[in-house]
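Below is final37.txt, holding compact mmCIF, C-alpha atoms.
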# COMPACT_ATOMS: atom_id res chain seq x y z
CA MET J 18 -69.54 250.30 -89.21
CA SER J 19 -65.84 249.67 -89.64
CA SER J 20 -63.65 248.71 -86.71
CA LEU J 21 -60.80 250.31 -88.68
CA ALA J 22 -60.52 254.08 -88.98
CA THR J 23 -62.88 255.09 -91.75
CA THR J 24 -60.69 257.78 -93.25
CA SER J 25 -58.78 257.07 -96.46
CA ASN J 26 -55.55 257.80 -94.53
CA ALA J 27 -55.98 254.44 -92.78
CA MET J 28 -56.06 252.60 -96.10
CA PRO J 29 -53.25 251.97 -98.58
CA GLU J 30 -52.93 254.50 -101.37
CA CYS J 31 -53.66 253.37 -104.92
CA TRP J 32 -50.84 253.69 -107.46
CA GLY J 33 -51.50 252.60 -111.02
CA HIS J 34 -48.98 250.01 -112.23
CA ARG J 35 -48.09 251.22 -115.71
CA GLY J 36 -51.20 253.38 -115.27
CA ALA J 37 -54.61 251.74 -115.43
CA SER J 38 -52.96 249.02 -117.48
CA ALA J 39 -55.70 246.43 -117.21
CA SER J 40 -57.98 248.68 -119.24
CA PHE J 41 -55.60 250.80 -121.34
CA PRO J 42 -52.29 250.17 -123.13
CA GLU J 43 -49.60 250.10 -120.48
CA ASN J 44 -47.19 253.01 -119.92
CA THR J 45 -49.11 255.35 -122.24
CA LEU J 46 -50.50 258.76 -121.45
CA ALA J 47 -54.01 257.34 -121.88
CA SER J 48 -53.26 254.72 -119.22
CA PHE J 49 -51.81 257.27 -116.82
CA GLU J 50 -54.76 259.60 -117.34
CA ALA J 51 -57.22 256.76 -116.75
CA ALA J 52 -55.58 255.86 -113.43
CA ILE J 53 -55.77 259.48 -112.35
CA ARG J 54 -59.43 259.70 -113.40
CA ASP J 55 -60.15 256.58 -111.36
CA GLY J 56 -58.81 258.42 -108.33
CA ALA J 57 -55.32 256.90 -107.98
CA GLU J 58 -52.95 258.85 -105.77
CA GLY J 59 -49.98 257.84 -107.89
CA ILE J 60 -48.79 256.21 -111.09
CA GLU J 61 -45.86 253.86 -111.70
CA SER J 62 -43.90 253.28 -114.89
CA GLY J 63 -40.61 251.86 -116.08
CA ILE J 64 -38.02 254.04 -117.76
CA LEU J 65 -35.50 253.39 -120.55
CA LEU J 66 -33.38 255.39 -122.97
CA ALA J 67 -34.07 255.49 -126.71
CA ARG J 68 -31.36 256.65 -129.09
CA SER J 69 -31.68 259.87 -131.03
CA THR J 70 -30.73 260.29 -134.70
CA CYS J 71 -27.47 262.00 -133.79
CA PRO J 72 -24.13 260.35 -134.68
CA VAL J 73 -23.17 260.10 -131.02
CA ALA J 74 -26.65 258.98 -130.03
CA ALA J 75 -25.59 256.72 -127.21
CA ARG J 76 -24.14 259.67 -125.32
CA ASP J 77 -25.93 262.64 -126.82
CA HIS J 78 -28.20 264.93 -124.87
CA HIS J 79 -30.94 264.42 -127.48
CA ASP J 80 -31.51 260.84 -126.32
CA VAL J 81 -35.13 260.33 -125.34
CA VAL J 82 -36.26 258.99 -121.98
CA VAL J 83 -39.12 256.58 -122.70
CA MET J 84 -41.72 255.07 -120.38
CA PHE J 85 -41.47 251.31 -120.92
CA HIS J 86 -41.38 248.08 -118.91
CA ASP J 87 -39.67 244.78 -119.49
CA PRO J 88 -37.03 245.67 -122.08
CA CYS J 89 -36.59 241.99 -122.81
CA GLU J 90 -37.99 238.59 -122.15
CA HIS J 91 -35.00 237.44 -120.15
CA HIS J 92 -33.55 234.01 -119.73
CA PHE J 93 -30.05 232.73 -119.04
CA ILE J 94 -27.30 230.72 -120.66
CA TYR J 95 -24.53 228.97 -118.80
CA ALA J 96 -21.33 230.98 -119.26
CA GLY J 97 -18.64 229.24 -117.26
CA ALA J 98 -17.63 226.65 -114.71
CA SER J 99 -19.03 228.50 -111.70
CA PRO J 100 -22.59 227.65 -110.58
CA THR J 101 -23.34 231.38 -110.75
CA ALA J 102 -21.80 231.93 -114.17
CA PHE J 103 -24.93 232.72 -116.08
CA SER J 104 -25.45 235.53 -118.57
CA PRO J 105 -28.77 237.16 -119.46
CA VAL J 106 -29.98 236.67 -123.01
CA VAL J 107 -32.21 239.35 -124.49
CA THR J 108 -34.93 238.85 -127.04
CA SER J 109 -37.23 241.25 -128.84
CA ALA J 110 -39.25 243.47 -126.50
CA VAL J 111 -40.96 246.28 -128.39
CA ASP J 112 -43.23 243.81 -130.18
CA ARG J 113 -44.65 242.65 -126.84
CA VAL J 114 -46.89 245.72 -126.69
CA THR J 115 -46.45 247.63 -129.97
CA ASP J 116 -46.56 247.05 -133.72
CA GLY J 117 -42.76 247.38 -133.92
CA THR J 118 -39.85 244.99 -133.41
CA GLY J 119 -36.46 245.02 -131.71
CA LEU J 120 -35.05 246.39 -128.47
CA ILE J 121 -35.49 250.02 -127.51
CA ARG J 122 -31.75 250.58 -127.23
CA GLU J 123 -31.31 249.35 -130.82
CA ARG J 124 -33.99 251.60 -132.30
CA LEU J 125 -33.93 255.31 -133.08
CA TRP J 126 -36.65 257.51 -131.62
CA HIS J 127 -36.92 260.03 -134.45
CA GLY J 128 -36.92 259.57 -138.20
CA GLU J 129 -38.56 257.16 -140.58
CA GLY J 130 -39.59 254.02 -138.73
CA GLY J 131 -38.63 255.59 -135.42
CA LEU J 132 -40.06 254.49 -132.09
CA HIS J 133 -42.22 257.61 -131.97
CA GLN J 134 -44.23 256.20 -134.90
CA LEU J 135 -45.09 252.92 -133.19
CA ARG J 136 -48.57 252.27 -131.84
CA THR J 137 -49.74 249.86 -129.18
CA ILE J 138 -51.32 246.56 -130.09
CA LYS J 139 -53.92 246.97 -127.38
CA GLU J 140 -56.85 249.28 -128.04
CA PRO J 141 -57.25 252.18 -127.98
CA LYS J 142 -54.01 252.36 -129.94
CA GLN J 143 -51.52 254.81 -128.42
CA SER J 144 -48.02 256.08 -129.05
CA MET J 145 -45.22 255.38 -126.59
CA ALA J 146 -45.01 257.98 -123.83
CA THR J 147 -41.84 259.85 -122.93
CA PHE J 148 -40.72 260.96 -119.50
CA GLU J 149 -41.08 264.58 -120.55
CA GLU J 150 -44.68 264.05 -121.67
CA THR J 151 -45.49 262.26 -118.42
CA VAL J 152 -43.97 265.04 -116.34
CA LYS J 153 -46.02 267.62 -118.23
CA LEU J 154 -49.15 265.55 -117.54
CA LEU J 155 -48.34 265.64 -113.83
CA MET J 156 -47.76 269.40 -113.97
CA ARG J 157 -51.33 270.11 -115.07
CA PRO J 158 -53.15 271.91 -112.25
CA GLU J 159 -55.72 269.13 -111.88
CA ASN J 160 -52.92 266.56 -111.40
CA ASN J 161 -50.72 268.40 -108.91
CA HIS J 162 -51.55 265.83 -106.21
CA VAL J 163 -50.43 262.78 -108.21
CA LYS J 164 -47.18 261.04 -107.25
CA PHE J 165 -44.88 259.36 -109.76
CA ASN J 166 -42.94 256.16 -109.08
CA VAL J 167 -40.18 255.88 -111.69
CA ASP J 168 -39.05 252.26 -112.04
CA VAL J 169 -35.41 252.68 -113.15
CA LYS J 170 -34.61 249.65 -115.27
CA VAL J 171 -31.22 248.07 -114.66
CA GLN J 172 -30.36 248.20 -118.39
CA ASN J 173 -29.87 251.97 -118.10
CA LYS J 174 -26.59 253.82 -117.64
CA PRO J 175 -27.53 255.69 -114.46
CA ALA J 176 -25.32 258.79 -114.74
CA HIS J 177 -26.53 259.58 -118.26
CA LEU J 178 -30.16 258.75 -117.53
CA PHE J 179 -30.36 260.76 -114.32
CA ALA J 180 -28.68 263.76 -115.95
CA LEU J 181 -31.32 263.72 -118.67
CA MET J 182 -34.09 263.35 -116.10
CA HIS J 183 -32.77 266.32 -114.13
CA LYS J 184 -32.79 268.46 -117.26
CA ILE J 185 -36.45 267.63 -117.88
CA ILE J 186 -37.52 268.02 -114.24
CA SER J 187 -35.69 271.30 -113.69
CA ALA J 188 -37.25 272.81 -116.84
CA GLN J 189 -40.71 272.78 -115.21
CA PRO J 190 -42.04 275.89 -113.42
CA ASP J 191 -41.54 275.80 -109.65
CA TRP J 192 -40.17 272.29 -110.05
CA GLU J 193 -38.44 272.19 -106.68
CA THR J 194 -41.72 272.51 -104.80
CA ALA J 195 -44.37 271.53 -107.36
CA LEU J 196 -42.76 268.43 -108.90
CA ALA J 197 -39.60 267.09 -107.23
CA PRO J 198 -41.29 266.03 -103.96
CA ARG J 199 -43.74 263.88 -105.96
CA ILE J 200 -41.10 261.82 -107.79
CA LEU J 201 -39.96 258.53 -106.30
CA LEU J 202 -36.93 256.84 -107.87
CA GLY J 203 -37.27 253.06 -107.77
CA LEU J 204 -33.90 251.30 -107.83
CA TRP J 205 -33.15 247.59 -108.26
CA HIS J 206 -29.35 247.60 -107.97
CA PRO J 207 -27.17 249.36 -105.35
CA SER J 208 -24.76 250.68 -107.99
CA PHE J 209 -27.49 253.15 -109.00
CA LEU J 210 -27.62 254.77 -105.55
CA PRO J 211 -24.58 257.10 -105.79
CA HIS J 212 -25.69 258.34 -109.21
CA ALA J 213 -29.20 259.04 -107.92
CA LYS J 214 -27.75 261.00 -105.01
CA ALA J 215 -25.44 262.98 -107.30
CA HIS J 216 -27.91 263.89 -110.06
CA LEU J 217 -31.33 263.76 -108.41
CA PRO J 218 -30.68 264.46 -104.72
CA TYR J 219 -34.11 266.05 -104.35
CA CYS J 220 -35.97 262.85 -105.31
CA ARG J 221 -36.94 260.27 -102.73
CA ARG J 222 -35.54 256.81 -103.37
CA SER J 223 -37.02 253.35 -103.03
CA TYR J 224 -35.73 249.83 -103.33
CA ILE J 225 -37.67 247.69 -105.80
CA GLY J 226 -37.37 243.94 -105.55
CA GLN J 227 -38.34 240.69 -103.90
CA ASP J 228 -35.37 240.08 -101.62
CA ILE J 229 -35.68 241.27 -98.00
CA ALA J 230 -32.01 240.53 -97.29
CA VAL J 231 -30.93 242.75 -100.20
CA ALA J 232 -33.28 245.52 -99.06
CA ARG J 233 -31.77 245.47 -95.57
CA LYS J 234 -28.11 245.12 -96.54
CA PHE J 235 -27.80 247.46 -99.51
CA PHE J 236 -30.72 249.92 -99.41
CA TRP J 237 -31.91 250.45 -95.84
CA ASP J 238 -29.76 253.51 -95.12
CA SER J 239 -30.35 255.20 -98.49
CA CYS J 240 -34.09 254.67 -99.05
CA ASP J 241 -37.17 255.70 -97.12
CA VAL J 242 -39.55 253.64 -99.27
CA PHE J 243 -39.46 249.92 -100.06
CA SER J 244 -41.43 248.55 -103.02
CA ILE J 245 -41.63 244.80 -102.45
CA LYS J 246 -43.37 241.97 -104.28
CA PHE J 247 -46.60 241.10 -102.47
CA SER J 248 -45.80 237.41 -102.02
CA THR J 249 -42.42 238.30 -100.46
CA LEU J 250 -44.13 240.47 -97.87
CA ALA J 251 -46.41 237.54 -97.00
CA MET J 252 -43.55 235.41 -95.65
CA ALA J 253 -42.16 235.47 -92.10
CA ASP J 254 -39.18 237.66 -93.02
CA GLY J 255 -41.56 239.92 -94.93
CA ALA J 256 -43.77 240.33 -91.86
CA LYS J 257 -40.76 241.27 -89.73
CA PHE J 258 -39.57 243.67 -92.42
CA ARG J 259 -42.98 245.35 -92.48
CA LYS J 260 -42.82 245.78 -88.73
CA ASP J 261 -39.27 247.17 -88.84
CA CYS J 262 -40.21 249.64 -91.59
CA LYS J 263 -43.15 250.91 -89.56
CA GLN J 264 -40.95 251.40 -86.49
CA ALA J 265 -38.32 253.22 -88.57
CA GLY J 266 -40.87 255.47 -90.30
CA LYS J 267 -40.22 253.91 -93.72
CA ARG J 268 -43.06 253.33 -96.18
CA VAL J 269 -43.85 249.96 -97.77
CA MET J 270 -45.39 249.51 -101.21
CA ALA J 271 -46.68 246.13 -102.44
CA TRP J 272 -46.71 245.05 -106.10
CA THR J 273 -48.44 243.98 -108.25
CA VAL J 274 -51.67 243.48 -106.31
CA ASN J 275 -54.63 242.68 -108.58
CA ASP J 276 -56.55 240.06 -106.60
CA PRO J 277 -59.13 241.52 -104.16
CA GLU J 278 -58.15 238.88 -101.58
CA HIS J 279 -54.56 240.11 -101.75
CA MET J 280 -55.72 243.71 -101.52
CA VAL J 281 -57.64 243.05 -98.31
CA GLU J 282 -54.64 241.18 -96.88
CA ALA J 283 -52.42 244.17 -97.66
CA VAL J 284 -54.85 246.32 -95.67
CA ARG J 285 -54.58 243.89 -92.74
CA TRP J 286 -50.80 244.25 -92.91
CA GLY J 287 -50.94 248.04 -92.83
CA ILE J 288 -49.25 248.49 -96.20
CA ASP J 289 -48.84 252.13 -97.26
CA VAL J 290 -49.32 251.75 -101.03
CA ILE J 291 -50.92 249.12 -103.25
CA ILE J 292 -49.51 249.12 -106.79
CA THR J 293 -52.07 247.60 -109.11
CA ASP J 294 -53.08 247.20 -112.74
CA VAL J 295 -56.75 247.42 -111.74
CA THR J 296 -56.96 250.84 -110.11
CA LYS J 297 -60.74 251.02 -110.13
CA THR J 298 -61.05 247.59 -108.49
CA TRP J 299 -58.89 248.61 -105.55
CA LEU J 300 -60.47 252.06 -105.22
CA ASP J 301 -63.99 250.60 -105.18
CA LEU J 302 -62.96 247.94 -102.67
CA ARG J 303 -61.23 250.56 -100.53
CA SER J 304 -64.40 252.63 -100.45
CA ALA J 305 -66.40 249.60 -99.34
CA LEU J 306 -63.86 248.79 -96.62
CA GLU J 307 -64.06 252.34 -95.33
CA VAL J 308 -67.81 251.96 -94.90
CA ASP J 309 -67.84 248.53 -93.22
CA TYR J 310 -64.40 247.00 -92.81
CA ASP J 311 -65.43 243.93 -90.80
CA LYS J 312 -68.14 242.87 -93.22
CA ILE J 313 -66.11 243.36 -96.41
CA ALA J 314 -62.89 241.89 -95.01
CA ALA J 315 -64.76 238.77 -93.88
CA GLN J 316 -65.82 238.19 -97.48
CA HIS J 317 -62.20 237.80 -98.62
CA SER J 318 -60.47 234.52 -97.81
CA ARG J 319 -56.82 233.97 -96.87
CA MET J 320 -56.72 230.51 -98.44
CA PHE J 321 -54.33 231.78 -101.13
CA TYR J 322 -51.48 231.27 -98.66
CA TRP J 323 -51.95 227.51 -99.08
CA THR J 324 -53.38 227.24 -102.59
CA THR J 325 -50.93 229.41 -104.58
CA LEU J 326 -47.39 228.23 -105.37
CA GLU J 327 -45.78 231.67 -105.18
CA PHE J 328 -46.40 231.72 -101.41
CA TYR J 329 -44.19 228.66 -100.85
CA SER J 330 -40.56 229.23 -99.80
CA PRO J 331 -38.84 227.01 -102.44
CA ILE J 332 -40.64 228.85 -105.25
CA GLN J 333 -39.63 232.21 -103.79
CA LEU J 334 -36.01 231.11 -103.43
CA ILE J 335 -35.87 230.16 -107.10
CA SER J 336 -37.50 233.43 -108.13
CA ARG J 337 -35.12 235.52 -106.03
CA ARG J 338 -32.09 233.69 -107.40
CA ARG J 339 -33.23 234.16 -110.98
CA ASP J 340 -33.90 237.84 -110.35
CA HIS J 341 -30.49 238.33 -108.70
CA LEU J 342 -28.65 236.71 -111.60
CA TYR J 343 -30.53 238.86 -114.07
CA LEU J 344 -29.69 242.10 -112.25
CA GLU J 345 -26.04 241.20 -111.78
CA GLY J 346 -25.80 240.26 -115.46
CA TYR J 347 -26.42 243.90 -116.35
CA ALA J 348 -25.07 245.95 -113.44
CA GLY J 349 -22.44 243.70 -111.86
CA PRO J 350 -22.19 242.11 -108.41
CA PHE J 351 -24.17 243.56 -105.54
CA ARG J 352 -21.92 245.38 -103.11
CA LYS J 353 -22.43 247.95 -100.41
CA ILE J 354 -21.45 251.42 -101.59
CA ASP J 355 -19.12 253.11 -99.12
CA ALA J 356 -19.22 256.83 -98.31
CA ALA J 357 -16.28 257.67 -100.55
CA ALA J 358 -17.82 255.93 -103.54
CA GLU J 359 -21.08 257.80 -103.00
CA ALA J 360 -19.40 261.19 -103.39
CA LEU J 361 -19.81 261.33 -107.16
CA PRO J 362 -19.77 264.73 -108.85
CA ALA J 363 -22.91 265.68 -110.74
CA ILE J 364 -22.18 265.93 -114.46
CA SER J 365 -23.94 267.89 -117.15
CA VAL J 366 -26.03 266.25 -119.84
CA THR J 367 -23.44 266.94 -122.51
CA GLU J 368 -20.76 265.31 -120.33
CA ALA J 369 -22.84 262.19 -119.72

Encoding of this model in structure tokens:
Amino acid sequence: MSSLATTSNAMPECWGHRGASASFPENTLASFEAAIRDGAEGIESGILLARSTCPVAARDHHDVVVMFHDPCEHHFIYAGASPTAFSPVVTSAVDRVTDGTGLIRERLWHGEGGLHQLRTIKEPKQSMATFEETVKLLMRPENNHVKFNVDVKVQNKPAHLFALMHKIISAQPDWETALAPRILLGLWHPSFLPHAKAHLPYCRRSYIGQDIAVARKFFWDSCDVFSIKFSTLAMADGAKFRKDCKQAGKRVMAWTVNDPEHMVEAVRWGIDVIITDVTKTWLDLRSALEVDYDKIAAQHSRMFYWTTLEFYSPIQLISRRRDHLYLEGYAGPFRKIDAAAEALPAISVTEA
């Protein structure tokens, strides 16, 4: 019998990273539905804007909010004399997972050859999902328990995106009680915070990233959830951060946790949510842990701390620096948003 409480409340929740993306094409309705069928308490997906066919597409209310990760394979070029003067370079992204080419922001959604006609490379072939379609999936009676972590990509223009999201959310029946409390806005850059507060004040907010110092300095006061890379949480500052979050009543999510050894370690830490591509793997393991925690936990080694490069400080420093440069290349320098700057007026979709 387990020495840990045997109720599921004592175990991390399971949230499907891009749905059940190990088995189904990522960020598609089929993938989301599979994660829910597996028993996941939540799903996670990235979000980007696709242009409409209208002449003023970049600012028109007909723009389509698309569920998609990794808008580019990013790397950097040196752009000046300063050691930090690097600029992100974007390459084709749609062809990573679909039979199309080009960047989402350069492609139209509707019309001949539009993004809506693309199909995934991975079987079973699926169309790209939109935010509206995903929301409607969550509004089905059988899915009214499922939470939705929206990974807001830094390439977006936050005011316009959040205005469009509000229009979709507020169009659902009883949205304020049946939908809004289940949506978690995941933010990478502090400049998105005032726009989230202005347009989607009813949504909870989380920091997404791998930098504990950034989480503390820029997001601590504005977020009650922190979605942190698993290997970051494994370090000394990550352990202290986990403890501080627990004391402050803030929830911690770990991504992307696919190795059973990492899953068991996350349980030892007391993590609130495991974000994973392999939803069934974690759910089956969780069930086994609930039956006999000591026996199952003993079967999972902690040797990965010493045998995997990503758990070494120099590797993490390089990764954090690369990530920081990438984010600043799109959204500007990180700075703490003061109270006056946060008081942004909400604007309508047509004004966005």

Excluding same-chain residues fewer than 4 positions from range 290-305 of chain J, what lies within 8 Å of it counting only C-alpha atoms, as a PyMOL selection string? chain J and resi 28-40+52+55-57+61+269-275+277+280+283+309-310+313

How big is the axis-aligned box around all listed atoms of range 267-270 of chain J once 5 Å goes on each side, and where's its centre, in Å to one decimal, as JSON?
{"center_x": -42.8, "center_y": 251.7, "center_z": -97.5, "size_x": 15.2, "size_y": 14.4, "size_z": 17.5}

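Taking CA of Gly346 in chain J and CA of Gly226 in chain J as endpoints, the distance between them is 15.7 Å.
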
I want to know what sits within 9 Å of Ile138 in chain J, based on only C-alpha atoms, with residues of the same chain fewer than 3 positions away left out; could you give that as an MDAnalysis selection string? chainID J and resid 42 112:116 141:143

Find, counting all atoms listed in the file, the residue in J:Ala348, J:Arg54, J:Glu278, J:Ile332 that gets nearest to Ala314 in chain J.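 Of J:Ala348, J:Arg54, J:Glu278, J:Ile332, the one nearest Ala314 in chain J is J:Glu278, counting all atoms listed in the file.
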
Please list as a list in words every residue within 8 Å of Ile53 in chain J, counting all atoms listed in the file and excluding residues in the same chain fewer than 5 positions away.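 Near Ile53 in chain J, the qualifying residues are Glu58, Gly59, Ile60, Asn160 and Val163 of chain J.
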
For Lys234 in chain J, list every protein, DNA or RNA residue within 10 Å, evaluated using only C-alpha atoms, and leave out those in the same chain fewer than 6 positions away; present the list as an NGL selection string. :J and (207 or 351-353)

Kindly provide, as an mmCIF file with C-alpha atoms, keeping the file's coordinate frame, the polymer residues lying within 12 Å of (-38.4, 246.5, -92.9), counting all atoms listed in the file and using the coordinates exactly as they appear in the file.
data_model
loop_
_atom_site.group_PDB
_atom_site.id
_atom_site.type_symbol
_atom_site.label_atom_id
_atom_site.label_comp_id
_atom_site.auth_asym_id
_atom_site.auth_seq_id
_atom_site.Cartn_x
_atom_site.Cartn_y
_atom_site.Cartn_z
ATOM 1 C CA TYR J 224 -35.730 249.830 -103.330
ATOM 2 C CA ASP J 228 -35.370 240.080 -101.620
ATOM 3 C CA ILE J 229 -35.680 241.270 -98.000
ATOM 4 C CA ALA J 230 -32.010 240.530 -97.290
ATOM 5 C CA VAL J 231 -30.930 242.750 -100.200
ATOM 6 C CA ALA J 232 -33.280 245.520 -99.060
ATOM 7 C CA ARG J 233 -31.770 245.470 -95.570
ATOM 8 C CA LYS J 234 -28.110 245.120 -96.540
ATOM 9 C CA PHE J 236 -30.720 249.920 -99.410
ATOM 10 C CA TRP J 237 -31.910 250.450 -95.840
ATOM 11 C CA ASP J 238 -29.760 253.510 -95.120
ATOM 12 C CA CYS J 240 -34.090 254.670 -99.050
ATOM 13 C CA ASP J 241 -37.170 255.700 -97.120
ATOM 14 C CA VAL J 242 -39.550 253.640 -99.270
ATOM 15 C CA PHE J 243 -39.460 249.920 -100.060
ATOM 16 C CA SER J 244 -41.430 248.550 -103.020
ATOM 17 C CA ILE J 245 -41.630 244.800 -102.450
ATOM 18 C CA THR J 249 -42.420 238.300 -100.460
ATOM 19 C CA LEU J 250 -44.130 240.470 -97.870
ATOM 20 C CA ALA J 253 -42.160 235.470 -92.100
ATOM 21 C CA ASP J 254 -39.180 237.660 -93.020
ATOM 22 C CA GLY J 255 -41.560 239.920 -94.930
ATOM 23 C CA ALA J 256 -43.770 240.330 -91.860
ATOM 24 C CA LYS J 257 -40.760 241.270 -89.730
ATOM 25 C CA PHE J 258 -39.570 243.670 -92.420
ATOM 26 C CA ARG J 259 -42.980 245.350 -92.480
ATOM 27 C CA LYS J 260 -42.820 245.780 -88.730
ATOM 28 C CA ASP J 261 -39.270 247.170 -88.840
ATOM 29 C CA CYS J 262 -40.210 249.640 -91.590
ATOM 30 C CA LYS J 263 -43.150 250.910 -89.560
ATOM 31 C CA GLN J 264 -40.950 251.400 -86.490
ATOM 32 C CA ALA J 265 -38.320 253.220 -88.570
ATOM 33 C CA GLY J 266 -40.870 255.470 -90.300
ATOM 34 C CA LYS J 267 -40.220 253.910 -93.720
ATOM 35 C CA ARG J 268 -43.060 253.330 -96.180
ATOM 36 C CA VAL J 269 -43.850 249.960 -97.770
ATOM 37 C CA MET J 270 -45.390 249.510 -101.210
ATOM 38 C CA ILE J 288 -49.250 248.490 -96.200
#

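The coordinates place CA of Ser48 in chain J at 26.1 Å from CA of Glu193 in chain J.
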
From the set J:Glu282, J:Glu50, J:Asp80, J:Asp289, which residue has the shortest atom-to-atom contact distance to Lys184 in chain J, counting only C-alpha atoms?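 When distances to Lys184 in chain J are compared using only C-alpha atoms, the smallest one comes from J:Asp80.
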
Let me make sure I understand: among J:Leu344, J:Val308, J:Val284, J:Met252, which one has the smallest atom-to-atom distance to Ser330 in chain J if we use only C-alpha atoms?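 Checking each candidate against Ser330 in chain J, we get J:Met252 as the closest.
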